[in-house]
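A.B. asks: Take this structure first; my questions come after.
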Amino acid sequence: MAPSATQDVSDSIAAKKQEHRSGDPSLAFVRDEEALPPKFEDKLEERRFLKHRLALAYRIFAKCGFSDGVAGHITVRDPVDPTSFWVNPFGLHFSLIEDDDLIRVDHSGKVVEGGNNLRLNYAAYAIHAEIHSARPDVLCAAHCHSTYGRAMCSTGTTLDMLTQDFCTFYNDHVLYPNFAGLVLAADEGKEIAACLGDKKAALLGNHGLLTVGQTIEATIAWFVQLERCCQVQLAANASAAGTGKPLVIIGEQESQSTWEALGTQDAGYFVGLPLFQVAEREFGERTYLGRGLRPI
């Protein structure tokens with residue numbers, strides 16, 4: 001006798017429970033309208049909104065201690081002219097950046113508009129222009145020389161899945177091992193973009209971290225999280241070396257299930273909002289969930 005439809009459903013439910021032993025990943029976040037990225041019909045309004053979110057992102061990086069001389073850059077694709085992006089002017093400290101300081105750069109490296117300082121960090125152009133060209137899905141890309149990121153990038157390895165947070169990057173980050181010096185050539189930018197592929201993060205060998213996302217919030221959240229994962233990985237490796245005991249690595253099935261709960265674009269956006277809530281205070285603002293839309 002052929003198995004009944006009821007049996008098929010029961011088998012499917014049992015398989016699902018086995019696949020996600022800790023529960024349904026969709027329960028990790030409530031995906032209602034106010035927990036998802038806003039949508040705009042007016043592209044000029046969207047540009048103003050994104051420029052302010054980008055200024056907030058730089059303030060977050062400053063608070064996290066990611067400013068390192070003149071190194072580092074976060075870019076956002078312009079919604080009016082998607083063949084260009086907004087970036088910080090070269091030489092201005094992250095903690096001082098305001099909306100009007102940002103400069104817009106086209107994919108040929110020309111600064112087409114901005115504030116008083118129109119200087120462009122050419123390394124920002126060489127890396128980010130190629131990423132934005134190769135990845136139409138990417139709104140935002142972030143790179144800077146954070147302490148633990150640089151240390152991890154000198155090990156020549158990717159992350160082990162050591163804790164829940166690491167699983168955000170499960171099968172979703174790469175190592176780019178080909179350090180050739182300061183990135184001032186478009187060809188190396190192309191190589192970085194090709195190595196990144198469809199992933200959200202890259203460890204640039206002997207250089208630093210890179211994250212990309214469909215929202216500014218997710219990109220910044222993932223960069224901050226990746227830096228902390230690097231810190232934990234380095235500490236865990238040192239402990240294992242001292243004790244002689246191997247690290248305990250999360251299994252593939254559990255890692256995948258956790259990625260489905262924490263590693264998606266929508267999850268990244270929501271996880272990033274508390275960082276923006278704090279940054280808003282520097283501008284005398286407070287909005288619901290830190291989304292930048294509804295003042296409270």
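By order in the structure tokens, chains are A, B, ...; within a chain, residues start at 1; ligands start at 1, following the order shown.
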With the cut-off set at 9 Å and counting only C-alpha atoms, tabulate each residue of region 69-99 of chain A with an atom at most that distance from an atom of region 116-128 of chain A, showing the nearest atom pair and its distance in Å to one decimal, ordered by chain and increasing number, as a tab-separated table.
C.D. replies:
residue	atom	partner	partner_atom	distance
A:Val70	CA	A:Asn121	CA	8.4
A:Ala71	CA	A:Asn121	CA	8.4
A:Gly72	CA	A:Ala124	CA	7.6
A:His73	CA	A:Ala124	CA	6.1
A:Ile74	CA	A:Ala124	CA	8.3
A:Thr75	CA	A:His128	CA	7.1
A:Phe85	CA	A:His128	CA	8.7
A:Val87	CA	A:Ala124	CA	8.1
A:Asn88	CA	A:Leu120	CA	8.0
A:Pro89	CA	A:Arg119	CA	5.5
A:Phe90	CA	A:Arg119	CA	5.1
A:Gly91	CA	A:Arg119	CA	7.8
A:Leu92	CA	A:Asn117	CA	8.4
A.B. asks: Please write the residues from the selection above to a file, keeping N, CA, C and O atoms, as a PDB file, in the first residue's frame.
C.D. replies:
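Saved to selection_4.pdb:
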ATOM      1  N   VAL A  70      44.149  57.643   8.286  1.00  0.00           N
ATOM      2  CA  VAL A  70      43.252  57.980   7.173  1.00  0.00           C
ATOM      3  C   VAL A  70      42.721  56.724   6.481  1.00  0.00           C
ATOM      4  O   VAL A  70      42.075  56.812   5.437  1.00  0.00           O
ATOM      5  N   ALA A  71      42.985  55.551   7.075  1.00  0.00           N
ATOM      6  CA  ALA A  71      42.550  54.300   6.455  1.00  0.00           C
ATOM      7  C   ALA A  71      41.083  54.024   6.769  1.00  0.00           C
ATOM      8  O   ALA A  71      40.565  54.428   7.806  1.00  0.00           O
ATOM      9  N   GLY A  72      40.431  53.337   5.871  1.00  0.00           N
ATOM     10  CA  GLY A  72      39.056  52.878   6.103  1.00  0.00           C
ATOM     11  C   GLY A  72      38.033  53.653   5.305  1.00  0.00           C
ATOM     12  O   GLY A  72      38.176  54.858   5.088  1.00  0.00           O
ATOM     13  N   HIS A  73      36.987  52.944   4.902  1.00  0.00           N
ATOM     14  CA  HIS A  73      35.949  53.583   4.101  1.00  0.00           C
ATOM     15  C   HIS A  73      34.681  52.741   4.112  1.00  0.00           C
ATOM     16  O   HIS A  73      34.732  51.508   4.145  1.00  0.00           O
ATOM     17  N   ILE A  74      33.548  53.429   4.112  1.00  0.00           N
ATOM     18  CA  ILE A  74      32.228  52.807   3.957  1.00  0.00           C
ATOM     19  C   ILE A  74      31.576  53.488   2.766  1.00  0.00           C
ATOM     20  O   ILE A  74      31.574  54.727   2.689  1.00  0.00           O
ATOM     21  N   THR A  75      31.057  52.720   1.841  1.00  0.00           N
ATOM     22  CA  THR A  75      30.411  53.304   0.672  1.00  0.00           C
ATOM     23  C   THR A  75      28.948  52.874   0.579  1.00  0.00           C
ATOM     24  O   THR A  75      28.592  51.779   1.022  1.00  0.00           O
ATOM     25  N   PHE A  85      28.732  56.177  -6.043  1.00  0.00           N
ATOM     26  CA  PHE A  85      28.549  55.852  -4.627  1.00  0.00           C
ATOM     27  C   PHE A  85      29.034  57.005  -3.760  1.00  0.00           C
ATOM     28  O   PHE A  85      29.849  57.835  -4.183  1.00  0.00           O
ATOM     29  N   VAL A  87      30.943  58.258  -0.212  1.00  0.00           N
ATOM     30  CA  VAL A  87      32.038  57.794   0.634  1.00  0.00           C
ATOM     31  C   VAL A  87      32.552  58.970   1.454  1.00  0.00           C
ATOM     32  O   VAL A  87      32.234  60.135   1.163  1.00  0.00           O
ATOM     33  N   ASN A  88      33.346  58.683   2.467  1.00  0.00           N
ATOM     34  CA  ASN A  88      33.932  59.746   3.283  1.00  0.00           C
ATOM     35  C   ASN A  88      35.016  60.492   2.520  1.00  0.00           C
ATOM     36  O   ASN A  88      35.761  59.891   1.737  1.00  0.00           O
ATOM     37  N   PRO A  89      35.149  61.787   2.748  1.00  0.00           N
ATOM     38  CA  PRO A  89      36.265  62.525   2.147  1.00  0.00           C
ATOM     39  C   PRO A  89      37.575  62.132   2.817  1.00  0.00           C
ATOM     40  O   PRO A  89      37.615  61.879   4.022  1.00  0.00           O
ATOM     41  N   PHE A  90      38.620  62.056   2.046  1.00  0.00           N
ATOM     42  CA  PHE A  90      39.927  61.604   2.529  1.00  0.00           C
ATOM     43  C   PHE A  90      40.472  62.599   3.557  1.00  0.00           C
ATOM     44  O   PHE A  90      40.570  63.800   3.293  1.00  0.00           O
ATOM     45  N   GLY A  91      40.830  62.066   4.731  1.00  0.00           N
ATOM     46  CA  GLY A  91      41.487  62.884   5.736  1.00  0.00           C
ATOM     47  C   GLY A  91      40.604  63.413   6.838  1.00  0.00           C
ATOM     48  O   GLY A  91      41.099  64.055   7.761  1.00  0.00           O
ATOM     49  N   LEU A  92      39.295  63.146   6.789  1.00  0.00           N
ATOM     50  CA  LEU A  92      38.376  63.604   7.833  1.00  0.00           C
ATOM     51  C   LEU A  92      38.097  62.457   8.791  1.00  0.00           C
ATOM     52  O   LEU A  92      37.710  61.364   8.368  1.00  0.00           O
TER      53      LEU A  92
END
A.B. asks: Apply DSSP to the structure's backbone, then extract all residues of region 34-113 of chain A labelled helix (DSSP H, G or I) and return them as a list in words.
C.D. replies: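 Answer for region 34-113 of chain A, restricted to helix (DSSP H, G or I): Glu34, Ala35, Lys43, Leu44, Glu45, Glu46, Arg47, Arg48, Phe49, Leu50, Lys51, His52, Arg53, Leu54, Ala55, Leu56, Ala57, Tyr58, Arg59, Ile60, Phe61, Ala62, Lys63, Phe94, Ser95, Leu96, Asp99, Asp100 and Asp101 of chain A.
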A.B. asks: What lies within 12 Å of Cys229 (chain A) using only C-alpha atoms, ignoring chain neighbours under 6 positions off, as a list in words?
C.D. replies: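 Returned residues: Thr147, Tyr148, Gly149, Ala151, Met152, Thr158, Leu159, Asp160, Met161, Leu162, Thr163, Gln164, Asp165, Phe166, Cys167, Thr168, Phe169, Leu203, Leu209, Trp222, Phe223, Ala235, Ala236 and Asn237 of chain A.
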A.B. asks: Apply DSSP to the structure's backbone, then extract all residues of region 153-289 of chain A labelled strand (DSSP E) and return them as a count of residues only.
C.D. replies: 14
A.B. asks: Which is closer to Leu204 (chain A) than all the others in A:Thr287, A:Ser146, A:Ser133, A:Ser67, using only C-alpha atoms?
C.D. replies: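 Of A:Thr287, A:Ser146, A:Ser133, A:Ser67, the one nearest Leu204 (chain A), counting only C-alpha atoms, is A:Ser146.
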A.B. asks: Skip region 24-26 of chain A itself and residues of its chain fewer than 6 positions away, then list as a ChimeraX atom specification all residues within 7 Å of it, counting only C-alpha atoms.
C.D. replies: /A:257,260-261
A.B. asks: With all heavy atoms kept, could you save the residues just selected as a PDB file, in the first residue's frame?
C.D. replies:
ATOM      1  N   SER A 257      21.624  25.892  10.444  1.00  0.00           N
ATOM      2  CA  SER A 257      20.366  26.294  11.073  1.00  0.00           C
ATOM      3  C   SER A 257      20.506  27.660  11.735  1.00  0.00           C
ATOM      4  O   SER A 257      19.614  28.519  11.637  1.00  0.00           O
ATOM      5  CB  SER A 257      19.948  25.249  12.113  1.00  0.00           C
ATOM      6  OG  SER A 257      18.722  25.598  12.718  1.00  0.00           O
ATOM      7  N   GLU A 260      20.577  30.434   9.177  1.00  0.00           N
ATOM      8  CA  GLU A 260      19.229  30.743   8.679  1.00  0.00           C
ATOM      9  C   GLU A 260      18.473  31.643   9.646  1.00  0.00           C
ATOM     10  O   GLU A 260      17.589  32.399   9.242  1.00  0.00           O
ATOM     11  CB  GLU A 260      18.460  29.451   8.421  1.00  0.00           C
ATOM     12  CG  GLU A 260      18.996  28.659   7.239  1.00  0.00           C
ATOM     13  CD  GLU A 260      18.242  27.354   7.021  1.00  0.00           C
ATOM     14  OE1 GLU A 260      17.054  27.282   7.381  1.00  0.00           O
ATOM     15  OE2 GLU A 260      18.868  26.404   6.486  1.00  0.00           O
ATOM     16  N   ALA A 261      18.827  31.584  10.933  1.00  0.00           N
ATOM     17  CA  ALA A 261      18.192  32.451  11.928  1.00  0.00           C
ATOM     18  C   ALA A 261      18.854  33.817  11.993  1.00  0.00           C
ATOM     19  O   ALA A 261      18.174  34.840  12.133  1.00  0.00           O
ATOM     20  CB  ALA A 261      18.245  31.783  13.304  1.00  0.00           C
TER      21      ALA A 261
END
A.B. asks: Using only C-alpha atoms, which residue out of A:Gly23, A:Leu56, A:Val80, A:Asp266 lies closest to Gly284 (chain A)?
C.D. replies: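 Ranked by minimum distance to Gly284 (chain A), first place goes to A:Leu56.
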A.B. asks: Show me, as a list in words, the residues that have an atom within 6 Å of region 94-108 of chain A when counting only C-alpha atoms, minus same-chain residues fewer than 4 positions from it.
C.D. replies: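 Residues meeting the cut-off are Lys51, His52, Ala55, Tyr58, Arg59, Ala62, Ser84, Phe85, Trp86, Val87, Asn88, Val112, Glu113, Gly114, Gly115 and Ala129 of chain A.
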A.B. asks: Measure the distance from CA of Leu54 (chain A) to CA of Ile220 (chain A) in Å and round it to one decimal.
C.D. replies: 9.8 Å
A.B. asks: Leaving out region 268-282 of chain A and any residue of its chain fewer than 6 positions from it, which residues lie within 6 Å of it when counting only C-alpha atoms, given as a PDB file with all heavy atoms, in the first residue's frame?
C.D. replies:
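And here's around.pdb as it stands now:
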ATOM      1  N   LEU A  56      25.890  58.317  10.116  1.00  0.00           N
ATOM      2  CA  LEU A  56      25.739  57.591  11.385  1.00  0.00           C
ATOM      3  C   LEU A  56      26.664  56.380  11.424  1.00  0.00           C
ATOM      4  O   LEU A  56      27.251  56.059  12.466  1.00  0.00           O
ATOM      5  CB  LEU A  56      24.292  57.143  11.570  1.00  0.00           C
ATOM      6  CG  LEU A  56      23.254  58.228  11.855  1.00  0.00           C
ATOM      7  CD1 LEU A  56      21.841  57.656  11.747  1.00  0.00           C
ATOM      8  CD2 LEU A  56      23.467  58.837  13.233  1.00  0.00           C
ATOM      9  N   GLU A 217      22.703  49.127   7.558  1.00  0.00           N
ATOM     10  CA  GLU A 217      22.626  48.575   8.909  1.00  0.00           C
ATOM     11  C   GLU A 217      23.222  47.172   8.985  1.00  0.00           C
ATOM     12  O   GLU A 217      23.967  46.860   9.916  1.00  0.00           O
ATOM     13  CB  GLU A 217      21.173  48.574   9.389  1.00  0.00           C
ATOM     14  CG  GLU A 217      20.574  49.952   9.571  1.00  0.00           C
ATOM     15  CD  GLU A 217      20.087  50.598   8.268  1.00  0.00           C
ATOM     16  OE1 GLU A 217      20.198  49.950   7.192  1.00  0.00           O
ATOM     17  OE2 GLU A 217      19.609  51.745   8.313  1.00  0.00           O
ATOM     18  N   ALA A 218      22.875  46.324   8.011  1.00  0.00           N
ATOM     19  CA  ALA A 218      23.411  44.960   8.016  1.00  0.00           C
ATOM     20  C   ALA A 218      24.920  44.971   7.810  1.00  0.00           C
ATOM     21  O   ALA A 218      25.660  44.242   8.486  1.00  0.00           O
ATOM     22  CB  ALA A 218      22.738  44.130   6.924  1.00  0.00           C
ATOM     23  N   ALA A 221      26.539  46.132  11.073  1.00  0.00           N
ATOM     24  CA  ALA A 221      26.377  45.099  12.105  1.00  0.00           C
ATOM     25  C   ALA A 221      27.324  43.946  11.861  1.00  0.00           C
ATOM     26  O   ALA A 221      27.966  43.436  12.795  1.00  0.00           O
ATOM     27  CB  ALA A 221      24.936  44.600  12.128  1.00  0.00           C
ATOM     28  N   GLY A 290      15.605  53.046  16.063  1.00  0.00           N
ATOM     29  CA  GLY A 290      16.794  53.567  15.402  1.00  0.00           C
ATOM     30  C   GLY A 290      16.731  53.459  13.902  1.00  0.00           C
ATOM     31  O   GLY A 290      17.761  53.501  13.223  1.00  0.00           O
TER      32      GLY A 290
END
A.B. asks: Name all residues at most 7 Å from Arg47 (chain A) (count only C-alpha atoms; drop same-chain ones fewer than 3 positions away) and give them as a PyMOL selection string.
C.D. replies: chain A and resi 43-44+50-51+78-80
A.B. asks: For those residues, write C-alpha atoms to a file as an mmCIF file, in the first residue's frame.
C.D. replies:
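Result written to again-v4.cif:
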data_model
loop_
_atom_site.group_PDB
_atom_site.id
_atom_site.type_symbol
_atom_site.label_atom_id
_atom_site.label_comp_id
_atom_site.auth_asym_id
_atom_site.auth_seq_id
_atom_site.Cartn_x
_atom_site.Cartn_y
_atom_site.Cartn_z
ATOM 1 C CA LYS A 43 14.800 58.679 -5.054
ATOM 2 C CA LEU A 44 15.966 62.098 -3.870
ATOM 3 C CA LEU A 50 20.924 57.064 3.005
ATOM 4 C CA LYS A 51 23.475 59.865 3.310
ATOM 5 C CA ASP A 78 23.549 56.265 -4.845
ATOM 6 C CA PRO A 79 19.840 55.565 -5.510
ATOM 7 C CA VAL A 80 19.555 58.426 -8.025
#
